[in-house]
Structures are given as structure tokens and as C-alpha cells.
>>> print(open('input_21.cif').read())   # mmCIF, C-alpha atoms
data_input
#
loop_
_atom_site.label_atom_id
_atom_site.label_comp_id
_atom_site.auth_asym_id
_atom_site.auth_seq_id
_atom_site.Cartn_x
_atom_site.Cartn_y
_atom_site.Cartn_z
CA MET K 121 0.00 0.00 0.00
CA ARG K 122 2.79 2.48 0.66
CA LYS K 123 6.41 3.31 0.07
CA GLY K 124 8.81 3.62 2.97
CA SER K 125 10.04 6.95 4.28
CA PHE K 126 13.59 8.15 4.95
CA PHE K 127 14.21 9.43 8.49
CA VAL K 128 17.47 11.35 8.81
CA ILE K 129 18.29 11.55 12.52
CA SER K 130 21.15 13.64 13.90
CA ALA K 131 22.30 14.58 17.39
CA PRO K 132 25.41 15.55 19.32
CA SER K 133 27.28 12.66 20.91
CA GLY K 134 25.61 11.71 24.20
CA ALA K 135 22.11 12.97 23.34
CA GLY K 136 20.69 9.44 23.24
CA LYS K 137 20.13 9.11 19.50
CA THR K 138 21.39 5.53 19.21
CA THR K 139 19.23 4.32 22.11
CA LEU K 140 16.14 5.99 20.65
CA CYS K 141 16.74 4.56 17.17
CA ASN K 142 17.30 1.06 18.53
CA LYS K 143 14.08 1.29 20.59
CA LEU K 144 12.22 2.45 17.49
CA CYS K 145 13.39 -0.53 15.40
CA ALA K 146 12.53 -2.94 18.22
CA ALA K 147 9.05 -1.47 18.75
CA LEU K 148 7.78 -0.89 15.21
CA PRO K 149 7.49 -3.26 12.24
CA MET K 150 8.85 -2.37 8.81
CA ILE K 151 11.59 0.03 9.90
CA ARG K 152 15.33 -0.55 9.68
CA HIS K 153 18.65 1.17 10.09
CA SER K 154 20.50 1.99 6.89
CA VAL K 155 23.70 -0.10 6.73
CA SER K 156 26.54 2.19 5.69
CA TYR K 157 29.71 1.30 3.80
CA THR K 158 33.02 1.93 5.55
CA THR K 159 36.73 1.39 4.98
CA ARG K 160 37.59 0.98 8.64
CA PRO K 161 38.30 -2.56 9.88
CA PRO K 162 35.46 -4.37 11.68
CA ARG K 163 35.52 -4.55 15.45
CA PRO K 164 35.33 -7.98 17.13
CA ASP K 165 31.60 -7.68 17.82
CA GLU K 166 30.65 -6.40 14.34
CA THR K 167 29.20 -8.42 11.46
CA ASN K 168 29.60 -7.50 7.80
CA ASP K 169 26.38 -6.21 6.18
CA VAL K 170 24.74 -5.95 9.62
CA HIS K 171 26.63 -3.18 11.40
CA TYR K 172 28.47 -1.92 8.29
CA THR K 173 29.51 -3.17 4.89
CA PHE K 174 33.30 -3.26 5.09
CA VAL K 175 35.22 -2.49 1.89
CA GLU K 176 38.74 -1.49 0.86
CA LYS K 177 39.59 2.18 0.21
CA ASP K 178 40.08 1.58 -3.52
CA THR K 179 36.60 0.06 -3.74
CA PHE K 180 35.06 2.95 -1.80
CA GLN K 181 36.77 5.58 -3.94
CA ALA K 182 35.52 3.83 -7.09
CA MET K 183 31.99 3.90 -5.62
CA ILE K 184 32.34 7.66 -5.03
CA ALA K 185 33.33 8.14 -8.68
CA GLU K 186 30.33 6.07 -9.79
CA GLY K 187 27.92 8.22 -7.75
CA VAL K 188 26.85 5.35 -5.51
CA PHE K 189 26.48 7.41 -2.34
CA VAL K 190 23.81 9.94 -1.32
CA GLU K 191 26.29 11.07 1.34
CA TRP K 192 29.83 10.17 2.31
CA ALA K 193 32.58 11.50 4.54
CA GLU K 194 36.15 10.82 5.60
CA VAL K 195 36.51 10.59 9.39
CA HIS K 196 39.88 9.99 11.06
CA GLY K 197 41.30 8.53 7.85
CA ASN K 198 38.38 6.17 7.17
CA TYR K 199 35.51 6.60 4.72
CA TYR K 200 31.80 6.19 5.51
CA GLY K 201 28.94 6.38 3.01
CA THR K 202 25.25 5.65 2.40
CA SER K 203 24.26 3.79 -0.78
CA ARG K 204 21.35 5.35 -2.66
CA LYS K 205 20.38 2.03 -4.27
CA ARG K 206 20.36 0.19 -0.94
CA ILE K 207 18.03 2.60 0.85
CA GLU K 208 15.73 3.10 -2.16
CA GLU K 209 15.26 -0.67 -2.49
CA LEU K 210 14.12 -0.79 1.15
CA ALA K 211 11.75 2.15 0.67
CA ASN K 212 10.27 0.61 -2.49
CA ALA K 213 9.55 -2.54 -0.45
CA GLY K 214 7.53 -0.45 2.02
CA ILE K 215 10.25 -0.36 4.67
CA ASP K 216 11.02 2.89 6.50
CA VAL K 217 14.74 3.67 6.67
CA ILE K 218 16.60 5.33 9.55
CA LEU K 219 19.70 7.21 8.46
CA ASP K 220 21.76 7.86 11.58
CA ILE K 221 23.83 10.70 10.13
CA ASP K 222 25.82 13.68 11.43
CA VAL K 223 24.89 17.23 10.40
CA GLN K 224 27.38 17.31 7.50
CA GLY K 225 25.96 14.09 6.08
CA ALA K 226 22.42 15.35 6.58
CA SER K 227 23.27 18.44 4.55
CA GLN K 228 24.50 16.24 1.67
CA ILE K 229 21.36 14.10 1.83
CA LYS K 230 19.14 17.18 1.67
CA LYS K 231 20.77 18.05 -1.66
CA ASN K 232 20.80 14.52 -3.09
CA LEU K 233 17.67 12.75 -1.82
CA LEU K 234 14.14 14.14 -2.03
CA ASP K 235 11.31 13.73 0.46
CA CYS K 236 13.27 12.94 3.62
CA ILE K 237 12.14 13.66 7.17
CA PHE K 238 14.86 15.34 9.22
CA ILE K 239 14.85 14.89 13.02
CA PHE K 240 17.30 16.45 15.48
CA ILE K 241 17.73 15.01 18.98
CA LEU K 242 18.73 17.52 21.66
CA PRO K 243 19.89 16.93 25.23
CA PRO K 244 18.03 19.00 27.85
CA SER K 245 21.11 21.19 28.43
CA MET K 246 24.87 21.31 27.89
CA GLU K 247 25.39 20.42 31.54
CA ALA K 248 23.21 17.34 31.14
CA LEU K 249 25.17 16.42 28.02
CA ARG K 250 28.49 16.72 29.86
CA LYS K 251 27.14 14.56 32.70
CA ARG K 252 26.03 11.86 30.26
CA LEU K 253 29.40 11.82 28.50
CA VAL K 254 31.24 11.56 31.83
CA GLU K 255 28.95 8.79 33.09
CA ARG K 256 29.50 6.72 29.94
CA MET K 257 33.14 6.38 31.05
CA THR K 258 34.28 5.70 27.49
CA ASP K 259 36.30 8.87 26.87
CA PRO K 260 39.07 10.75 28.69
CA GLU K 261 38.38 14.32 29.84
CA GLU K 262 40.16 15.81 26.82
CA ALA K 263 37.98 13.81 24.41
CA ILE K 264 34.84 14.86 26.30
CA GLY K 265 35.88 18.49 25.89
CA ILE K 266 36.22 18.00 22.13
CA ARG K 267 32.81 16.31 21.94
CA LEU K 268 31.21 19.22 23.80
CA LYS K 269 32.80 21.77 21.45
CA ASN K 270 31.56 19.77 18.48
CA ALA K 271 28.12 19.57 20.09
CA ILE K 272 27.81 23.37 20.07
CA LEU K 273 28.59 23.46 16.33
CA GLU K 274 26.12 20.66 15.63
CA ILE K 275 23.30 22.12 17.71
CA ARG K 276 23.55 25.38 15.74
CA GLU K 277 22.23 23.40 12.74
CA TYR K 278 18.92 22.38 14.38
CA LYS K 279 16.86 24.88 12.34
CA LYS K 280 17.62 22.89 9.19
CA TYR K 281 15.59 19.95 10.54
CA ASP K 282 11.84 19.33 10.36
CA TYR K 283 11.49 18.18 13.98
CA VAL K 284 13.40 18.69 17.22
CA ILE K 285 13.04 16.22 20.10
CA VAL K 286 14.47 17.14 23.51
CA ASN K 287 15.62 13.89 25.10
CA ASP K 288 15.21 14.72 28.78
CA ILE K 289 12.96 11.79 29.77
CA MET K 290 13.74 8.90 27.43
CA GLU K 291 10.21 7.46 27.30
CA GLU K 292 8.68 10.85 26.46
CA ALA K 293 11.26 11.45 23.72
CA PHE K 294 10.58 7.96 22.36
CA LYS K 295 6.81 8.62 22.20
CA GLU K 296 7.50 11.79 20.20
CA LEU K 297 9.74 9.90 17.80
CA VAL K 298 7.11 7.19 17.30
CA SER K 299 4.46 9.86 16.62
CA ILE K 300 6.62 11.38 13.86
CA VAL K 301 7.03 7.98 12.19
CA ALA K 302 3.32 7.20 12.55
CA ALA K 303 2.33 10.49 10.92
CA ALA K 304 4.83 10.04 8.08
CA ARG K 305 3.44 6.60 7.29
CA ILE K 306 0.01 7.97 6.40
CA ARG K 307 1.12 10.96 4.34
CA THR K 308 -0.49 11.16 0.90
CA THR K 309 2.93 11.01 -0.77
CA ARG K 310 3.61 7.60 0.79
CA ILE K 311 0.49 5.88 -0.58
CA ASP K 312 1.07 3.61 -3.58
CA GLN K 313 -0.90 5.25 -6.40
CA GLU K 314 -1.11 1.98 -8.34
CA TRP K 315 -2.75 0.33 -5.32
CA ILE K 316 -5.29 3.18 -5.13
CA ASN K 317 -6.09 2.91 -8.83
CA LYS K 318 -6.41 -0.88 -8.75
CA ASN K 319 -8.68 -0.99 -5.71
CA PHE K 320 -10.88 2.04 -6.35
CA PHE K 321 -10.74 3.16 -9.98
CA GLU K 322 -10.13 0.00 -11.99
CA GLU K 323 -13.70 -0.12 -13.30
CA GLU K 324 -13.43 3.42 -14.64
CA ALA K 325 -10.47 2.37 -16.76
#
>>> encode(input="input_21.cif", output="C-alpha cells")
Amino acid sequence: MRKGSFFVISAPSGAGKTTLCNKLCAALPMIRHSVSYTTRPPRPDETNDVHYTFVEKDTFQAMIAEGVFVEWAEVHGNYYGTSRKRIEELANAGIDVILDIDVQGASQIKKNLLDCIFIFILPPSMEALRKRLVERMTDPEEAIGIRLKNAILEIREYKKYDYVIVNDIMEEAFKELVSIVAAARIRTTRIDQEWINKNFFEEEA
């Protein structure tokens, strides 16, 4: 009956984006994370084509030249990119696609992919963000400082998004995210016109 939607979701590190997206995929049918391509080596707990599709740099650069990606970036010497064909195949099968992308990638997608829904996840405050980053105990103080500086730059981009969710209470933020997906699923642009014609106007033809 309908085509899938593209949900581009960005947030500063520590805002809770990954937790919210994982909850969304666990709670709703027919929604999946986009699996990005990367040139970095897989970590011990990562599976190819599940967490990422792992390729060599030469392969990735050839894919850039061929126009495979709707967005790509080089981060710390490794490439990351989103395949247009891969996400459009999911959408054409009626599956909603989550693109967990930073603000630079989101800007590329806005230029290269039509009809996306852009969602920005905010922490309740910078102090709350700092506390979350400290409590994760995954980064030294210097790295936390860099993440906070980057967060300021990223948060300045919030006006470019369609929706802003403040993740203060996780369950409330999750309900808001679900409501955005639910509304998108019944938009007129998502309905399969061939299905409409077949079920309601076939006799007229």
C-alpha cells in the first residue's frame, strides 16, 4: 500500500540518538537502520552487512566516482557512506529507513535525496550532556571536551531539521519519535498510487 520513508536523525554525541533509534526498530514493524559502507576494519563484535559493509579504500573511492552514495565522509582517515540504491530498495519494499547521520551528512542528503524527514535530537542542556558523557566512562576528559565543542557546532544546525526532540525523559522522547514515524506513514505522498487505482478506480479504466 505504501512506500517507505527516509528518516534522517542527527544529534550531538551523548544525546541518546542511538538508544532511541534502537528502541524504534525494536518497537515498530517495517523500519530498519541503513547499513553504511566503511573502509575501517570491523571490530570484534561487528558483522559485515549488519553493522556496516566493510570495503577497501580503492573500492570505496571507485563507488564515489560512480555516484553510488547519497552522502559520504572521511573521518579519522576512514571513509563512511550511504548507498542510494540500498536505501531506495528498502523504501520501495515499504520499509522505512533510519539514516543515523551527522549534520554534515544530513546536509548532503538534503541536496541529493528528495522527500526525507529530518529529526534532530537535543539533550536538555549542555550540563546534562556533559554529565552523560562523563557517566559513559568511554572517553578521557580531553575527548569529552572536544565532543562538547563539536556539540555546540552541531546544535547550531537544528533549524535545518523538520522536527526537534528534547531527550530529557527517554520514554517521552521515544513517544514523540514514534508519533513522527506514525504520521509520516500515512502521508499522501507515501500511498502507492497503483494500489489506489487498482482498488478504487479500476472499473473506470
>>> resolve_selection(input="input_21.cif", expression="the PyMOL selection byres ((chain K and resi 309) around 12)", output="NGL selection string")
:K and (121-125 or 234-236 or 303-308 or 310-313)
>>> resolve_selection(input="input_21.cif", expression="the PyMOL selection byres ((chain K and resi 128) around 10)", output="number ranges by chain")
K: 125-127, 129-130, 217-223, 225-226, 229-230, 236-240, 281-282
>>> write_last_selection(input="input_21.cif", atoms="C-alpha atoms", output="PDB file, in the frame of the given file")
ATOM      1  CA  SER K 125      10.040   6.950   4.280  1.00  0.00           C
ATOM      2  CA  PHE K 126      13.590   8.150   4.950  1.00  0.00           C
ATOM      3  CA  PHE K 127      14.210   9.430   8.490  1.00  0.00           C
ATOM      4  CA  ILE K 129      18.290  11.550  12.520  1.00  0.00           C
ATOM      5  CA  SER K 130      21.150  13.640  13.900  1.00  0.00           C
ATOM      6  CA  VAL K 217      14.740   3.670   6.670  1.00  0.00           C
ATOM      7  CA  ILE K 218      16.600   5.330   9.550  1.00  0.00           C
ATOM      8  CA  LEU K 219      19.700   7.210   8.460  1.00  0.00           C
ATOM      9  CA  ASP K 220      21.760   7.860  11.580  1.00  0.00           C
ATOM     10  CA  ILE K 221      23.830  10.700  10.130  1.00  0.00           C
ATOM     11  CA  ASP K 222      25.820  13.680  11.430  1.00  0.00           C
ATOM     12  CA  VAL K 223      24.890  17.230  10.400  1.00  0.00           C
ATOM     13  CA  GLY K 225      25.960  14.090   6.080  1.00  0.00           C
ATOM     14  CA  ALA K 226      22.420  15.350   6.580  1.00  0.00           C
ATOM     15  CA  ILE K 229      21.360  14.100   1.830  1.00  0.00           C
ATOM     16  CA  LYS K 230      19.140  17.180   1.670  1.00  0.00           C
ATOM     17  CA  CYS K 236      13.270  12.940   3.620  1.00  0.00           C
ATOM     18  CA  ILE K 237      12.140  13.660   7.170  1.00  0.00           C
ATOM     19  CA  PHE K 238      14.860  15.340   9.220  1.00  0.00           C
ATOM     20  CA  ILE K 239      14.850  14.890  13.020  1.00  0.00           C
ATOM     21  CA  PHE K 240      17.300  16.450  15.480  1.00  0.00           C
ATOM     22  CA  TYR K 281      15.590  19.950  10.540  1.00  0.00           C
ATOM     23  CA  ASP K 282      11.840  19.330  10.360  1.00  0.00           C
TER      24      ASP K 282
END
>>> residues_near_point(input="input_21.cif", point="(27.9, 13.5, 29.4)", cutoff="12 Å", atoms="only C-alpha atoms", output="PyMOL selection string")
chain K and resi 132-136+243-261+263-268+271
>>> closest_residue(input="input_21.cif", among="K:Ala211, K:Cys145, K:Ala182, K:Ile241", to="K:Asn287", atoms="all atoms listed in the file")
K:Ile241
>>> residues_around(input="input_21.cif", residues="K:Met290", least_positions_apart="4", cutoff="9 Å", atoms="only C-alpha atoms", output="VMD selection string")
chain K and resid 136 139 to 140 294 to 295
>>> resolve_selection(input="input_21.cif", expression="the PyMOL selection byres ((chain K and resi 196-210) around 10)", output="NGL selection string")
:K and (123-126 or 150-161 or 172-177 or 180-181 or 183-184 or 187-195 or 211-219 or 221 or 225 or 229 or 232-233)
>>> atom_distance(input="input_21.cif", atom1="atom CA of K:Glu291", atom2="atom CA of K:Ala146")
14.0 Å
>>> atom_distance(input="input_21.cif", atom1="atom CA of K:Val170", atom2="atom CA of K:Ala302")
25.3 Å
>>> atom_distance(input="input_21.cif", atom1="atom CA of K:Asn270", atom2="atom CA of K:Lys137")
15.7 Å
>>> closest_residue(input="input_21.cif", among="K:Ala131, K:Lys318, K:Val301, K:Glu186", to="K:Gln224", atoms="only C-alpha atoms")
K:Ala131
>>> axis_aligned_box(input="input_21.cif", around="stretch 230-239 of chain K", padding_each_side="3 Å", output="lines of an AutoDock Vina configuration file")
center_x = 16.1
center_y = 15.4
center_z = 5.0
size_x = 15.5
size_y = 11.3
size_z = 22.1
>>> closest_residue(input="input_21.cif", among="K:His171, K:Ala147, K:Asn317, K:Arg163", to="K:Val298", atoms="all atoms listed in the file")
K:Ala147
>>> build_atoms(input="input_21.cif", residues="stretch 264-291 of chain K", atoms="N, CA and C atoms", output="mmCIF file, in the coordinates of the input")
data_model
loop_
_atom_site.group_PDB
_atom_site.id
_atom_site.type_symbol
_atom_site.label_atom_id
_atom_site.label_comp_id
_atom_site.auth_asym_id
_atom_site.auth_seq_id
_atom_site.Cartn_x
_atom_site.Cartn_y
_atom_site.Cartn_z
ATOM 1 N N ILE K 264 36.162 14.335 25.944
ATOM 2 C CA ILE K 264 34.840 14.860 26.300
ATOM 3 C C ILE K 264 34.766 16.343 25.954
ATOM 4 N N GLY K 265 35.841 17.071 26.228
ATOM 5 C CA GLY K 265 35.880 18.490 25.890
ATOM 6 C C GLY K 265 35.706 18.725 24.400
ATOM 7 N N ILE K 266 36.347 17.889 23.580
ATOM 8 C CA ILE K 266 36.220 18.000 22.130
ATOM 9 C C ILE K 266 34.787 17.703 21.690
ATOM 10 N N ARG K 267 34.185 16.665 22.287
ATOM 11 C CA ARG K 267 32.810 16.310 21.940
ATOM 12 C C ARG K 267 31.846 17.445 22.285
ATOM 13 N N LEU K 268 32.079 18.116 23.394
ATOM 14 C CA LEU K 268 31.210 19.220 23.800
ATOM 15 C C LEU K 268 31.353 20.413 22.853
ATOM 16 N N LYS K 269 32.590 20.692 22.427
ATOM 17 C CA LYS K 269 32.800 21.770 21.450
ATOM 18 C C LYS K 269 32.109 21.436 20.129
ATOM 19 N N ASN K 270 32.231 20.182 19.710
ATOM 20 C CA ASN K 270 31.560 19.770 18.480
ATOM 21 C C ASN K 270 30.043 19.845 18.628
ATOM 22 N N ALA K 271 29.561 19.539 19.841
ATOM 23 C CA ALA K 271 28.120 19.570 20.090
ATOM 24 C C ALA K 271 27.549 20.967 19.842
ATOM 25 N N ILE K 272 28.265 21.988 20.275
ATOM 26 C CA ILE K 272 27.810 23.370 20.070
ATOM 27 C C ILE K 272 27.650 23.649 18.575
ATOM 28 N N LEU K 273 28.643 23.235 17.776
ATOM 29 C CA LEU K 273 28.590 23.460 16.330
ATOM 30 C C LEU K 273 27.425 22.696 15.706
ATOM 31 N N GLU K 274 27.203 21.467 16.178
ATOM 32 C CA GLU K 274 26.120 20.660 15.630
ATOM 33 C C GLU K 274 24.749 21.212 16.007
ATOM 34 N N ILE K 275 24.591 21.623 17.249
ATOM 35 C CA ILE K 275 23.300 22.120 17.710
ATOM 36 C C ILE K 275 22.886 23.389 16.957
ATOM 37 N N ARG K 276 23.863 24.178 16.512
ATOM 38 C CA ARG K 276 23.550 25.380 15.740
ATOM 39 C C ARG K 276 22.791 25.045 14.448
ATOM 40 N N GLU K 277 22.857 23.799 13.996
ATOM 41 C CA GLU K 277 22.230 23.400 12.740
ATOM 42 C C GLU K 277 20.784 22.936 12.905
ATOM 43 N N TYR K 278 20.232 22.985 14.121
ATOM 44 C CA TYR K 278 18.920 22.380 14.380
ATOM 45 C C TYR K 278 17.808 22.969 13.514
ATOM 46 N N LYS K 279 17.928 24.239 13.114
ATOM 47 C CA LYS K 279 16.860 24.880 12.340
ATOM 48 C C LYS K 279 16.708 24.277 10.946
ATOM 49 N N LYS K 280 17.682 23.517 10.507
ATOM 50 C CA LYS K 280 17.620 22.890 9.190
ATOM 51 C C LYS K 280 16.793 21.599 9.203
ATOM 52 N N TYR K 281 16.330 21.209 10.380
ATOM 53 C CA TYR K 281 15.590 19.950 10.540
ATOM 54 C C TYR K 281 14.096 20.218 10.645
ATOM 55 N N ASP K 282 13.299 19.193 10.312
ATOM 56 C CA ASP K 282 11.840 19.330 10.360
ATOM 57 C C ASP K 282 11.302 19.234 11.782
ATOM 58 N N TYR K 283 11.945 18.411 12.610
ATOM 59 C CA TYR K 283 11.490 18.180 13.980
ATOM 60 C C TYR K 283 12.679 18.233 14.938
ATOM 61 N N VAL K 284 12.407 18.710 16.148
ATOM 62 C CA VAL K 284 13.400 18.690 17.220
ATOM 63 C C VAL K 284 12.786 17.982 18.422
ATOM 64 N N ILE K 285 13.474 16.954 18.910
ATOM 65 C CA ILE K 285 13.040 16.220 20.100
ATOM 66 C C ILE K 285 14.058 16.467 21.204
ATOM 67 N N VAL K 286 13.590 16.951 22.350
ATOM 68 C CA VAL K 286 14.470 17.140 23.510
ATOM 69 C C VAL K 286 14.428 15.862 24.345
ATOM 70 N N ASN K 287 15.551 15.167 24.388
ATOM 71 C CA ASN K 287 15.620 13.890 25.100
ATOM 72 C C ASN K 287 16.003 14.125 26.554
ATOM 73 N N ASP K 288 15.017 14.553 27.340
ATOM 74 C CA ASP K 288 15.210 14.720 28.780
ATOM 75 C C ASP K 288 14.762 13.428 29.472
ATOM 76 N N ILE K 289 13.490 13.063 29.280
ATOM 77 C CA ILE K 289 12.960 11.790 29.770
ATOM 78 C C ILE K 289 12.857 10.860 28.565
ATOM 79 N N MET K 290 13.620 9.772 28.597
ATOM 80 C CA MET K 290 13.740 8.900 27.430
ATOM 81 C C MET K 290 12.382 8.426 26.898
ATOM 82 N N GLU K 291 11.484 7.993 27.765
ATOM 83 C CA GLU K 291 10.210 7.460 27.300
ATOM 84 C C GLU K 291 9.362 8.530 26.615
#
